[in-house]
$ cat upload.pdb   # PDB, C-alpha atoms
ATOM      1  CA  MET A1440      -0.436  13.024  11.703
ATOM      2  CA  THR A1441       0.677   9.703  13.180
ATOM      3  CA  VAL A1442      -0.137   6.318  11.679
ATOM      4  CA  GLY A1443       0.327   2.989  13.395
ATOM      5  CA  ARG A1444       3.365   0.905  12.602
ATOM      6  CA  VAL A1445       1.066  -1.540  10.779
ATOM      7  CA  GLY A1446      -1.972  -0.503   8.745
ATOM      8  CA  LEU A1447      -4.500  -2.505   6.753
ATOM      9  CA  GLY A1448      -4.524  -2.270   2.972
ATOM     10  CA  THR A1449      -7.991  -2.912   1.556
ATOM     11  CA  ALA A1450      -7.195  -4.083  -1.988
ATOM     12  CA  PRO A1451      -7.827  -7.756  -1.042
ATOM     13  CA  ILE A1452     -11.333  -7.082   0.312
ATOM     14  CA  GLY A1453     -11.972  -5.286  -2.980
ATOM     15  CA  GLY A1454     -11.420  -8.601  -4.751
ATOM     16  CA  LEU A1455      -7.729  -8.501  -5.673
ATOM     17  CA  PHE A1456      -6.884 -11.828  -7.371
ATOM     18  CA  ARG A1457     -10.217 -13.385  -6.331
ATOM     19  CA  ALA A1458     -13.621 -12.279  -5.121
ATOM     20  CA  VAL A1459     -14.308 -11.784  -1.402
ATOM     21  CA  ASP A1460     -17.896 -11.907  -0.183
ATOM     22  CA  GLU A1461     -19.425  -9.322   2.117
ATOM     23  CA  GLU A1462     -19.330 -11.495   5.233
ATOM     24  CA  GLN A1463     -15.653 -12.270   4.821
ATOM     25  CA  ALA A1464     -14.812  -8.625   4.165
ATOM     26  CA  VAL A1465     -16.598  -7.531   7.348
ATOM     27  CA  ALA A1466     -14.846 -10.245   9.365
ATOM     28  CA  THR A1467     -11.480  -9.058   8.008
ATOM     29  CA  LEU A1468     -12.095  -5.462   9.022
ATOM     30  CA  GLU A1469     -13.406  -6.475  12.438
ATOM     31  CA  ALA A1470     -10.349  -8.641  13.036
ATOM     32  CA  ALA A1471      -8.070  -5.737  12.140
ATOM     33  CA  TRP A1472      -9.848  -3.530  14.649
ATOM     34  CA  GLU A1473      -9.606  -6.201  17.353
ATOM     35  CA  CYS A1474      -5.872  -6.511  16.658
ATOM     36  CA  GLY A1475      -5.450  -2.801  17.332
ATOM     37  CA  ILE A1476      -5.073  -1.600  13.752
ATOM     38  CA  ARG A1477      -6.269   1.977  13.433
ATOM     39  CA  TYR A1478      -4.879   2.957  10.027
ATOM     40  CA  PHE A1479      -6.822   1.859   6.943
ATOM     41  CA  ASP A1480      -5.802   2.555   3.348
ATOM     42  CA  THR A1481      -8.137   2.321   0.375
ATOM     43  CA  ALA A1482      -8.574   3.630  -3.188
ATOM     44  CA  PRO A1483     -11.187   3.865  -5.945
ATOM     45  CA  HIS A1484      -9.031   1.431  -7.911
ATOM     46  CA  TYR A1485      -9.567  -1.374  -5.390
ATOM     47  CA  GLY A1486     -12.522  -3.313  -6.717
ATOM     48  CA  ALA A1487     -13.777  -0.285  -8.672
ATOM     49  CA  GLY A1488     -14.975   1.345  -5.458
ATOM     50  CA  LEU A1489     -15.968  -1.856  -3.642
ATOM     51  CA  ALA A1490     -13.174  -1.581  -1.069
ATOM     52  CA  GLU A1491     -14.122   2.026  -0.289
ATOM     53  CA  GLU A1492     -17.772   1.052   0.167
ATOM     54  CA  ARG A1493     -16.947  -1.843   2.463
ATOM     55  CA  LEU A1494     -14.474   0.160   4.525
ATOM     56  CA  GLY A1495     -16.910   3.049   4.882
ATOM     57  CA  ALA A1496     -19.692   0.760   6.090
ATOM     58  CA  PHE A1497     -17.362  -0.684   8.722
ATOM     59  CA  LEU A1498     -16.060   2.690   9.877
ATOM     60  CA  SER A1499     -19.606   3.916  10.463
ATOM     61  CA  GLY A1500     -19.668   1.694  13.527
ATOM     62  CA  VAL A1501     -16.364   2.731  15.163
ATOM     63  CA  PRO A1502     -15.148   6.019  16.697
ATOM     64  CA  ARG A1503     -13.936   8.088  13.728
ATOM     65  CA  ALA A1504     -11.536  10.085  15.886
ATOM     66  CA  GLU A1505      -9.553   6.912  16.621
ATOM     67  CA  VAL A1506      -8.946   6.080  12.966
ATOM     68  CA  VAL A1507      -6.594   7.326  10.250
ATOM     69  CA  VAL A1508      -7.977   6.753   6.739
ATOM     70  CA  SER A1509      -6.256   7.291   3.413
ATOM     71  CA  THR A1510      -7.569   7.085  -0.117
ATOM     72  CA  LYS A1511      -6.162   7.957  -3.509
ATOM     73  CA  VAL A1512      -6.843  10.067  -6.577
ATOM     74  CA  GLY A1513      -6.001   9.577 -10.245
ATOM     75  CA  ARG A1514      -8.699   7.125 -11.295
ATOM     76  CA  LEU A1515     -12.313   8.188 -11.688
ATOM     77  CA  LEU A1516     -15.005   5.512 -11.772
ATOM     78  CA  ARG A1517     -17.741   5.552 -14.362
ATOM     79  CA  PRO A1518     -20.647   3.135 -15.064
ATOM     80  CA  GLY A1519     -19.667   0.442 -17.514
ATOM     81  CA  ALA A1520     -19.253  -3.270 -18.030
ATOM     82  CA  ALA A1521     -15.962  -4.690 -16.781
ATOM     83  CA  ARG A1522     -14.652  -8.191 -17.395
ATOM     84  CA  PRO A1523     -14.061 -10.462 -14.375
ATOM     85  CA  GLY A1524     -10.485  -9.918 -13.312
ATOM     86  CA  ASP A1525     -10.285  -6.474 -14.889
ATOM     87  CA  GLU A1526      -7.018  -4.939 -13.627
ATOM     88  CA  GLY A1527      -6.658  -7.865 -11.230
ATOM     89  CA  PHE A1528      -9.978  -7.503  -9.373
ATOM     90  CA  PHE A1529     -12.900  -9.918  -9.205
ATOM     91  CA  GLY A1530     -16.457  -9.414  -8.001
ATOM     92  CA  ALA A1531     -16.339  -5.680  -8.657
ATOM     93  CA  PRO A1532     -19.400  -3.509  -9.411
ATOM     94  CA  PRO A1533     -20.094  -2.567 -13.071
ATOM     95  CA  ARG A1534     -17.737   0.394 -13.204
ATOM     96  CA  VAL A1535     -14.732   1.248 -15.329
ATOM     97  CA  ARG A1536     -11.676   3.255 -14.334
ATOM     98  CA  VAL A1537     -10.733   6.441 -16.166
ATOM     99  CA  ARG A1538      -7.345   8.018 -15.481
ATOM    100  CA  ASP A1539      -7.616  11.678 -14.534
ATOM    101  CA  TYR A1540      -4.914  13.670 -12.734
ATOM    102  CA  SER A1541      -6.425  17.090 -13.445
ATOM    103  CA  ALA A1542      -7.370  19.460 -10.631
ATOM    104  CA  ASP A1543     -11.055  18.966 -11.436
ATOM    105  CA  GLY A1544     -10.518  15.217 -11.539
ATOM    106  CA  VAL A1545      -8.935  15.286  -8.083
ATOM    107  CA  ARG A1546     -11.861  17.183  -6.608
ATOM    108  CA  ARG A1547     -14.413  14.924  -8.283
ATOM    109  CA  SER A1548     -12.535  11.810  -7.197
ATOM    110  CA  LEU A1549     -12.461  12.928  -3.585
ATOM    111  CA  ALA A1550     -16.125  13.893  -3.607
ATOM    112  CA  GLU A1551     -17.069  10.504  -5.018
ATOM    113  CA  SER A1552     -14.827   8.672  -2.536
ATOM    114  CA  LEU A1553     -16.462  10.553   0.322
ATOM    115  CA  GLU A1554     -19.863   9.518  -1.007
ATOM    116  CA  ARG A1555     -18.845   5.865  -1.323
ATOM    117  CA  THR A1556     -17.361   5.735   2.187
ATOM    118  CA  GLY A1557     -19.861   8.007   3.910
ATOM    119  CA  LEU A1558     -16.983   9.855   5.568
ATOM    120  CA  ASP A1559     -16.833  13.604   6.110
ATOM    121  CA  ALA A1560     -13.133  13.781   5.282
ATOM    122  CA  PHE A1561     -10.016  11.721   4.660
ATOM    123  CA  ASP A1562      -6.890  12.148   6.752
ATOM    124  CA  LEU A1563      -4.420  11.396   3.973
ATOM    125  CA  VAL A1564      -4.889  11.560   0.201
ATOM    126  CA  LEU A1565      -2.339  10.072  -2.182
ATOM    127  CA  ILE A1566      -1.840  10.595  -5.916
ATOM    128  CA  HIS A1567      -2.123   7.029  -7.206
ATOM    129  CA  ASP A1568       0.251   5.509  -9.785
ATOM    130  CA  PRO A1569       0.993   8.595 -11.909
ATOM    131  CA  ASP A1570       3.786   6.733 -13.759
ATOM    132  CA  GLU A1571       2.872   7.935 -17.257
ATOM    133  CA  HIS A1572       1.272  11.152 -16.043
ATOM    134  CA  TRP A1573       4.033  13.208 -14.407
ATOM    135  CA  GLU A1574       3.033  16.588 -15.837
ATOM    136  CA  PRO A1575      -0.671  16.595 -14.859
ATOM    137  CA  ALA A1576       0.143  14.924 -11.545
ATOM    138  CA  VAL A1577       2.728  17.496 -10.483
ATOM    139  CA  ARG A1578       1.155  20.540 -12.186
ATOM    140  CA  GLU A1579      -2.509  19.894 -11.341
ATOM    141  CA  ALA A1580      -3.159  16.987  -8.964
ATOM    142  CA  TYR A1581      -0.550  17.981  -6.388
ATOM    143  CA  PRO A1582      -1.488  21.707  -6.268
ATOM    144  CA  ALA A1583      -5.161  20.740  -5.905
ATOM    145  CA  LEU A1584      -4.347  18.496  -2.951
ATOM    146  CA  ALA A1585      -2.022  21.106  -1.445
ATOM    147  CA  ALA A1586      -4.861  23.644  -1.606
ATOM    148  CA  LEU A1587      -7.202  21.227   0.154
ATOM    149  CA  ARG A1588      -4.543  20.679   2.808
ATOM    150  CA  ALA A1589      -4.159  24.435   3.285
ATOM    151  CA  GLU A1590      -7.928  24.728   3.685
ATOM    152  CA  GLY A1591      -7.931  21.965   6.297
ATOM    153  CA  ALA A1592     -10.052  19.663   4.131
ATOM    154  CA  VAL A1593      -7.355  16.963   4.362
ATOM    155  CA  ARG A1594      -4.607  16.600   6.931
ATOM    156  CA  ALA A1595      -1.821  15.304   4.716
ATOM    157  CA  VAL A1596      -1.053  14.626   1.053
ATOM    158  CA  GLY A1597       1.339  12.335  -0.740
ATOM    159  CA  VAL A1598       2.008   9.977  -3.626
ATOM    160  CA  GLY A1599       1.707   6.190  -3.861
ATOM    161  CA  MET A1600       3.633   4.230  -6.491
ATOM    162  CA  ASN A1601       5.382   0.954  -7.278
ATOM    163  CA  GLN A1602       8.585   2.725  -8.328
ATOM    164  CA  THR A1603      11.133   4.966  -6.627
ATOM    165  CA  ALA A1604      12.442   7.349  -9.301
ATOM    166  CA  MET A1605       9.285   9.422  -9.643
ATOM    167  CA  LEU A1606       8.660   9.356  -5.906
ATOM    168  CA  GLU A1607      12.103  10.916  -5.461
ATOM    169  CA  ARG A1608      11.107  13.666  -7.888
ATOM    170  CA  PHE A1609       7.936  14.384  -5.940
ATOM    171  CA  VAL A1610       9.910  14.599  -2.701
ATOM    172  CA  ALA A1611      12.466  16.936  -4.309
ATOM    173  CA  GLU A1612      10.058  19.174  -6.236
ATOM    174  CA  THR A1613       6.930  19.370  -4.059
ATOM    175  CA  ASP A1614       5.949  19.634  -0.420
ATOM    176  CA  VAL A1615       4.347  16.204   0.008
ATOM    177  CA  ASP A1616       3.923  14.965   3.550
ATOM    178  CA  CYS A1617       4.588  11.331   2.774
ATOM    179  CA  VAL A1618       5.113   8.715   0.104
ATOM    180  CA  LEU A1619       3.729   5.208  -0.158
ATOM    181  CA  VAL A1620       6.261   2.982  -1.891
ATOM    182  CA  ALA A1621       4.961  -0.464  -2.787
ATOM    183  CA  GLY A1622       7.200  -3.440  -3.422
ATOM    184  CA  ARG A1623      10.434  -1.487  -3.650
ATOM    185  CA  TYR A1624      11.607  -1.915  -0.072
ATOM    186  CA  SER A1625      11.330  -5.595   0.676
ATOM    187  CA  LEU A1626      13.605  -8.553   1.326
ATOM    188  CA  LEU A1627      13.681  -9.144  -2.440
ATOM    189  CA  ASP A1628      13.829  -5.556  -3.705
ATOM    190  CA  ARG A1629      15.645  -2.855  -1.742
ATOM    191  CA  ALA A1630      15.673  -0.176  -4.443
ATOM    192  CA  ALA A1631      14.137   2.444  -2.134
ATOM    193  CA  ALA A1632      17.168   2.328   0.149
ATOM    194  CA  ASP A1633      19.443   3.767  -2.526
ATOM    195  CA  GLY A1634      17.874   7.201  -2.904
ATOM    196  CA  LEU A1635      14.263   7.507  -1.843
ATOM    197  CA  LEU A1636      14.575   6.700   1.851
ATOM    198  CA  PRO A1637      17.612   8.955   2.463
ATOM    199  CA  ARG A1638      15.951  11.814   0.560
ATOM    200  CA  CYS A1639      12.750  11.423   2.578
ATOM    201  CA  ALA A1640      14.760  11.465   5.798
ATOM    202  CA  GLU A1641      16.527  14.652   4.720
ATOM    203  CA  ARG A1642      13.272  16.385   3.805
ATOM    204  CA  GLY A1643      11.236  15.130   6.776
ATOM    205  CA  VAL A1644       8.848  13.233   4.500
ATOM    206  CA  GLY A1645       7.122  10.211   5.996
ATOM    207  CA  VAL A1646       7.442   6.841   4.301
ATOM    208  CA  LEU A1647       4.777   4.150   4.197
ATOM    209  CA  VAL A1648       5.851   0.813   2.760
ATOM    210  CA  GLY A1649       3.380  -1.429   0.971
ATOM    211  CA  GLY A1650       3.885  -4.690  -0.853
ATOM    212  CA  VAL A1651       6.095  -6.143   1.892
ATOM    213  CA  PHE A1652       5.331  -9.623   0.515
ATOM    214  CA  ASN A1653       5.885  -8.476  -3.098
ATOM    215  CA  SER A1654       2.234  -9.437  -3.720
ATOM    216  CA  GLY A1655       2.607 -12.961  -2.321
ATOM    217  CA  VAL A1656       5.929 -14.691  -2.866
ATOM    218  CA  LEU A1657       7.392 -13.510   0.448
ATOM    219  CA  ALA A1658       4.330 -14.727   2.312
ATOM    220  CA  ASP A1659       4.590 -18.212   0.812
ATOM    221  CA  PRO A1660       7.160 -19.005  -1.912
ATOM    222  CA  ALA A1661       5.148 -21.933  -3.249
ATOM    223  CA  PRO A1662       4.535 -22.818  -6.898
ATOM    224  CA  GLY A1663       2.122 -20.309  -8.392
ATOM    225  CA  ALA A1664       3.151 -17.491  -6.032
ATOM    226  CA  THR A1665       2.984 -13.990  -7.466
ATOM    227  CA  PHE A1666       5.688 -11.329  -7.552
ATOM    228  CA  ASP A1667       4.566  -7.774  -8.288
ATOM    229  CA  TYR A1668       1.107  -9.056  -9.284
ATOM    230  CA  ALA A1669       2.419 -11.469 -11.925
ATOM    231  CA  PRO A1670       3.737 -15.048 -11.879
ATOM    232  CA  THR A1671       7.037 -15.149 -10.018
ATOM    233  CA  PRO A1672      10.063 -15.594 -12.312
ATOM    234  CA  PRO A1673      11.940 -18.834 -11.522
ATOM    235  CA  ALA A1674      15.094 -17.036 -10.382
ATOM    236  CA  THR A1675      13.107 -14.809  -8.013
ATOM    237  CA  LEU A1676      11.259 -17.829  -6.623
ATOM    238  CA  ARG A1677      14.598 -19.515  -5.908
ATOM    239  CA  ARG A1678      15.779 -16.401  -4.065
ATOM    240  CA  ALA A1679      12.615 -16.315  -1.960
ATOM    241  CA  ARG A1680      13.000 -19.983  -1.083
ATOM    242  CA  ARG A1681      16.609 -19.412  -0.081
ATOM    243  CA  LEU A1682      15.476 -16.598   2.236
ATOM    244  CA  ALA A1683      12.802 -18.902   3.671
ATOM    245  CA  GLU A1684      15.473 -21.510   4.423
ATOM    246  CA  VAL A1685      17.580 -18.927   6.230
ATOM    247  CA  CYS A1686      14.587 -17.838   8.307
ATOM    248  CA  ALA A1687      13.668 -21.432   9.128
ATOM    249  CA  GLY A1688      17.140 -21.902  10.576
ATOM    250  CA  PHE A1689      16.199 -19.315  13.198
ATOM    251  CA  GLY A1690      12.661 -20.625  13.702
ATOM    252  CA  VAL A1691      11.176 -17.502  12.079
ATOM    253  CA  PRO A1692       8.556 -17.587   9.285
ATOM    254  CA  LEU A1693       9.653 -15.836   6.107
ATOM    255  CA  ALA A1694       6.470 -13.739   6.227
ATOM    256  CA  ALA A1695       7.414 -12.396   9.667
ATOM    257  CA  ALA A1696      10.836 -11.304   8.489
ATOM    258  CA  ALA A1697       9.304  -9.767   5.357
ATOM    259  CA  LEU A1698       6.803  -7.744   7.372
ATOM    260  CA  ARG A1699       9.330  -6.567   9.960
ATOM    261  CA  PHE A1700      12.124  -5.779   7.494
ATOM    262  CA  PRO A1701      10.973  -2.290   6.382
ATOM    263  CA  LEU A1702      10.289  -1.183   9.957
ATOM    264  CA  ARG A1703      13.992  -1.401  10.749
ATOM    265  CA  HIS A1704      14.731   1.665   8.621
ATOM    266  CA  PRO A1705      14.501   4.961  10.543
ATOM    267  CA  ALA A1706      12.825   6.739   7.609
ATOM    268  CA  VAL A1707       9.893   4.302   7.550
ATOM    269  CA  SER A1708       6.816   5.407   9.477
ATOM    270  CA  GLY A1709       4.795   2.233   8.979
ATOM    271  CA  VAL A1710       3.854  -0.629   6.695
ATOM    272  CA  LEU A1711       0.570  -1.400   4.964
ATOM    273  CA  VAL A1712      -0.364  -5.056   4.746
ATOM    274  CA  GLY A1713      -3.372  -6.319   2.845
ATOM    275  CA  ALA A1714      -5.576  -9.140   4.105
ATOM    276  CA  ARG A1715      -8.661 -10.901   2.771
ATOM    277  CA  SER A1716      -9.671 -12.845   5.891
ATOM    278  CA  ALA A1717      -9.650 -12.668   9.670
ATOM    279  CA  ALA A1718      -7.087 -15.476   9.689
ATOM    280  CA  GLU A1719      -4.704 -13.457   7.509
ATOM    281  CA  VAL A1720      -5.115 -10.442   9.782
ATOM    282  CA  ALA A1721      -4.297 -12.560  12.828
ATOM    283  CA  ALA A1722      -1.271 -14.066  11.107
ATOM    284  CA  ASN A1723       0.031 -10.640  10.107
ATOM    285  CA  ALA A1724      -0.499  -9.306  13.630
ATOM    286  CA  GLY A1725       1.536 -12.212  14.952
ATOM    287  CA  HIS A1726       4.296 -11.534  12.449
ATOM    288  CA  ALA A1727       4.350  -7.860  13.387
ATOM    289  CA  ALA A1728       4.781  -8.699  17.064
ATOM    290  CA  ARG A1729       7.535 -11.269  16.555
ATOM    291  CA  GLU A1730      11.020 -10.389  17.710
ATOM    292  CA  ILE A1731      13.630 -11.044  15.031
ATOM    293  CA  PRO A1732      17.212 -11.842  16.091
ATOM    294  CA  GLU A1733      19.808  -9.444  14.746
ATOM    295  CA  GLU A1734      21.772 -12.452  13.566
ATOM    296  CA  LEU A1735      18.937 -13.347  11.201
ATOM    297  CA  TRP A1736      19.029  -9.942   9.553
ATOM    298  CA  ALA A1737      22.743 -10.360   8.983
ATOM    299  CA  GLU A1738      22.192 -13.799   7.432
ATOM    300  CA  LEU A1739      19.429 -12.475   5.182
ATOM    301  CA  ASP A1740      21.689  -9.651   4.036
ATOM    302  CA  ARG A1741      24.410 -12.173   3.341
ATOM    303  CA  ALA A1742      22.060 -14.452   1.399
ATOM    304  CA  GLU A1743      20.999 -11.593  -0.876
ATOM    305  CA  GLY A1744      24.560 -10.347  -1.214
ATOM    306  CA  ASP A1745      25.784 -13.794  -2.320
ATOM    307  CA  ARG A1746      23.303 -14.219  -5.165
TER     308      ARG A1746
END

$ encode --input "upload.pdb" --output "structure tokens"
Amino acid sequence: MTVGRVGLGTAPIGGLFRAVDEEQAVATLEAAWECGIRYFDTAPHYGAGLAEERLGAFLSGVPRAEVVVSTKVGRLLRPGAARPGDEGFFGAPPRVRVRDYSADGVRRSLAESLERTGLDAFDLVLIHDPDEHWEPAVREAYPALAALRAEGAVRAVGVGMNQTAMLERFVAETDVDCVLVAGRYSLLDRAAADGLLPRCAERGVGVLVGGVFNSGVLADPAPGATFDYAPTPPATLRRARRLAEVCAGFGVPLAAAALRFPLRHPAVSGVLVGARSAAEVAANAGHAAREIPEELWAELDRAEGDR
């Protein structure tokens, strides 16, 4: 299975950080399609199912054979009152998330995701954030997904996390097709380069990189920017601003360098970039197409090495 070098992450249209209305969500998805994006990633977690519903409605109007779609398992959704901003999402339906990495939970999660999206099947299914759930994830969730892959119900399976250590274990101890590593291979955090990326290359496991902006600070290192979904620590904000200064010296936006950085590594198949508006999609498409001088990469490496 081949994904594009840049895919659209749908957490923002599920209301990450602030609510997004239906019209804006549709415009975002349409802009992605017009820009040539054909890989879309979603999850029950994103807006308690809202992102899946919105993506599914959009995909009903495009040729399914042209699209690669991934979702995730590990969180079941159940009716219940949720506070605004629950787990970072606003404007979500009245549903609560329940962690479940059991084999039955995986099958129920997929069935419910198919119902929310209206799709017949997903191309890629990822075990989502099993940080505190290694045993059920590796003993139940992964075998359940592997069985579905063997049956042809899904084309590929993997794991998506914000850390590298457990992803390395999955690559070493299972037969996952790919990993989605978020925030750990960026201009500010290159942890994945130490072990995960080389191990994936050795095992022939694809790598998708999310969180290229570390949730915001590498898109715009302004006061109030977020790093890993929390307020950016002062020292990290200073580092991001130093990187922005280096980029400005070459006439390159920091966001462009941040988006292109992971794609330089031979183990990386593609990046996933979230957007909440057509304007953000267009900006990201421009960043993805920008040529970056090799001298800039060397200067960025030097700036991080000098800190």

$ residues_around --input "upload.pdb" --residues "Thr1665 (chain A)" --least-positions-apart "3" --cutoff "6 Å" --atoms "only C-alpha atoms" --output "PyMOL selection string"
chain A and resi 1654-1656+1668-1671

$ resolve_selection --input "upload.pdb" --expression "the PyMOL selection byres ((chain A and resi 1676) around 12)" --output "PyMOL selection string"
chain A and resi 1627+1653+1655-1666+1670-1675+1677-1683

$ atom_distance --input "upload.pdb" --atom1 "CA of Val1618 (chain A)" --atom2 "CA of Leu1647 (chain A)"
6.1 Å

$ closest_residue --input "upload.pdb" --among "A:Met1605, A:Ala1470, A:Ala1464, A:Leu1515" --to "His1484 (chain A)" --atoms "only C-alpha atoms"
A:Leu1515

$ closest_residue --input "upload.pdb" --among "A:Ala1717, A:Leu1565, A:Leu1711, A:Ala1727" --to "Ala1696 (chain A)" --atoms "all atoms listed in the file"
A:Ala1727

$ atom_distance --input "upload.pdb" --atom1 "CA of Glu1733 (chain A)" --atom2 "CA of Val1651 (chain A)"
19.1 Å

$ resolve_selection --input "upload.pdb" --expression "the PyMOL selection byres ((chain A and resi 1712-1714) around 8)" --output "list in words"
Val1445, Gly1446, Leu1447, Gly1448, Thr1449, Ala1450, Pro1451, Ile1452, Thr1467, Gly1649, Gly1650, Val1651, Val1710, Leu1711, Arg1715, Ser1716, Ala1717, Glu1719, Val1720 and Asn1723 of chain A

$ write_last_selection --input "upload.pdb" --atoms "C-alpha atoms" --output "compact mmCIF listing (two decimals), in the frame of the given file"
# COMPACT_ATOMS: atom_id res chain seq x y z
CA VAL A 1445 1.07 -1.54 10.78
CA GLY A 1446 -1.97 -0.50 8.74
CA LEU A 1447 -4.50 -2.50 6.75
CA GLY A 1448 -4.52 -2.27 2.97
CA THR A 1449 -7.99 -2.91 1.56
CA ALA A 1450 -7.20 -4.08 -1.99
CA PRO A 1451 -7.83 -7.76 -1.04
CA ILE A 1452 -11.33 -7.08 0.31
CA THR A 1467 -11.48 -9.06 8.01
CA GLY A 1649 3.38 -1.43 0.97
CA GLY A 1650 3.88 -4.69 -0.85
CA VAL A 1651 6.10 -6.14 1.89
CA VAL A 1710 3.85 -0.63 6.70
CA LEU A 1711 0.57 -1.40 4.96
CA ARG A 1715 -8.66 -10.90 2.77
CA SER A 1716 -9.67 -12.84 5.89
CA ALA A 1717 -9.65 -12.67 9.67
CA GLU A 1719 -4.70 -13.46 7.51
CA VAL A 1720 -5.12 -10.44 9.78
CA ASN A 1723 0.03 -10.64 10.11

$ closest_residue --input "upload.pdb" --among "A:Glu1734, A:Glu1461, A:Glu1505, A:Glu1526" --to "Thr1441 (chain A)" --atoms "all atoms listed in the file"
A:Glu1505

$ atom_distance --input "upload.pdb" --atom1 "CA of Val1644 (chain A)" --atom2 "CA of Ala1490 (chain A)"
27.1 Å

$ closest_residue --input "upload.pdb" --among "A:Arg1534, A:Arg1522, A:Arg1629, A:Arg1514" --to "Ala1580 (chain A)" --atoms "all atoms listed in the file"
A:Arg1514

$ closest_residue --input "upload.pdb" --among "A:Ala1531, A:Ala1742, A:Ala1631, A:Val1577" --to "Cys1686 (chain A)" --atoms "all atoms listed in the file"
A:Ala1742

$ residues_around --input "upload.pdb" --residues "Tyr1581 (chain A)" --least-positions-apart "2" --cutoff "10 Å" --atoms "all atoms listed in the file" --output "number ranges by chain"
A: 1540-1542, 1545, 1565-1566, 1575-1579, 1583-1587, 1596-1598, 1609, 1613-1615

$ residues_around --input "upload.pdb" --residues "Ala1728 (chain A)" --least-positions-apart "3" --cutoff "10 Å" --atoms "only C-alpha atoms" --output "list in words"
Ala1695, Leu1698, Arg1699, Asn1723, Ala1724, Gly1725 and Ile1731 of chain A

$ resolve_selection --input "upload.pdb" --expression "the PyMOL selection byres ((chain A and resi 1689) around 10)" --output "list in words"
Glu1684, Val1685, Cys1686, Ala1687, Gly1688, Gly1690, Val1691, Pro1692, Ile1731, Pro1732, Glu1734, Leu1735 and Glu1738 of chain A

$ closest_residue --input "upload.pdb" --among "A:Val1535, A:Ala1604, A:Leu1498, A:Val1508" --to "Tyr1485 (chain A)" --atoms "all atoms listed in the file"
A:Val1535

$ residues_around --input "upload.pdb" --residues "Glu1551 (chain A)" --least-positions-apart "4" --cutoff "12 Å" --atoms "all atoms listed in the file" --output "JSON, numbers by chain"
{"A": [1482, 1483, 1487, 1488, 1491, 1492, 1510, 1511, 1512, 1514, 1515, 1516, 1517, 1544, 1545, 1546, 1547, 1555, 1556, 1557, 1558, 1559, 1560]}

$ build_atoms --input "upload.pdb" --residues "region 1450-1462 of chain A" --atoms "N, CA and C atoms" --output "JSON list (two decimals), in the frame of the given file"
[["chain", "number", "residue", "atom", "x", "y", "z"],
["A", 1450, "ALA", "N", -7.07, -3.51, -0.64],
["A", 1450, "ALA", "CA", -7.20, -4.08, -1.99],
["A", 1450, "ALA", "C", -7.74, -5.51, -1.96],
["A", 1451, "PRO", "N", -7.29, -6.38, -1.04],
["A", 1451, "PRO", "CA", -7.83, -7.76, -1.04],
["A", 1451, "PRO", "C", -9.33, -7.84, -0.80],
["A", 1452, "ILE", "N", -9.89, -7.00, 0.09],
["A", 1452, "ILE", "CA", -11.33, -7.08, 0.31],
["A", 1452, "ILE", "C", -12.10, -6.41, -0.82],
["A", 1453, "GLY", "N", -11.37, -5.77, -1.75],
["A", 1453, "GLY", "CA", -11.97, -5.29, -2.98],
["A", 1453, "GLY", "C", -11.93, -6.32, -4.09],
["A", 1454, "GLY", "N", -11.43, -7.53, -3.77],
["A", 1454, "GLY", "CA", -11.42, -8.60, -4.75],
["A", 1454, "GLY", "C", -10.13, -8.77, -5.52],
["A", 1455, "LEU", "N", -9.00, -8.31, -4.99],
["A", 1455, "LEU", "CA", -7.73, -8.50, -5.67],
["A", 1455, "LEU", "C", -7.42, -10.00, -5.80],
["A", 1456, "PHE", "N", -7.19, -10.44, -7.01],
["A", 1456, "PHE", "CA", -6.88, -11.83, -7.37],
["A", 1456, "PHE", "C", -8.11, -12.74, -7.35],
["A", 1457, "ARG", "N", -8.99, -12.58, -6.36],
["A", 1457, "ARG", "CA", -10.22, -13.38, -6.33],
["A", 1457, "ARG", "C", -11.26, -12.67, -5.49],
["A", 1458, "ALA", "N", -12.52, -12.97, -5.78],
["A", 1458, "ALA", "CA", -13.62, -12.28, -5.12],
["A", 1458, "ALA", "C", -13.67, -12.60, -3.63],
["A", 1459, "VAL", "N", -14.10, -11.63, -2.85],
["A", 1459, "VAL", "CA", -14.31, -11.78, -1.40],
["A", 1459, "VAL", "C", -15.75, -11.38, -1.12],
["A", 1460, "ASP", "N", -16.50, -12.25, -0.44],
["A", 1460, "ASP", "CA", -17.90, -11.91, -0.18],
["A", 1460, "ASP", "C", -18.01, -10.92, 0.99],
["A", 1461, "GLU", "N", -19.20, -10.37, 1.13],
["A", 1461, "GLU", "CA", -19.42, -9.32, 2.12],
["A", 1461, "GLU", "C", -19.11, -9.80, 3.53],
["A", 1462, "GLU", "N", -19.54, -10.98, 3.88],
["A", 1462, "GLU", "CA", -19.33, -11.50, 5.23],
["A", 1462, "GLU", "C", -17.85, -11.62, 5.55]]
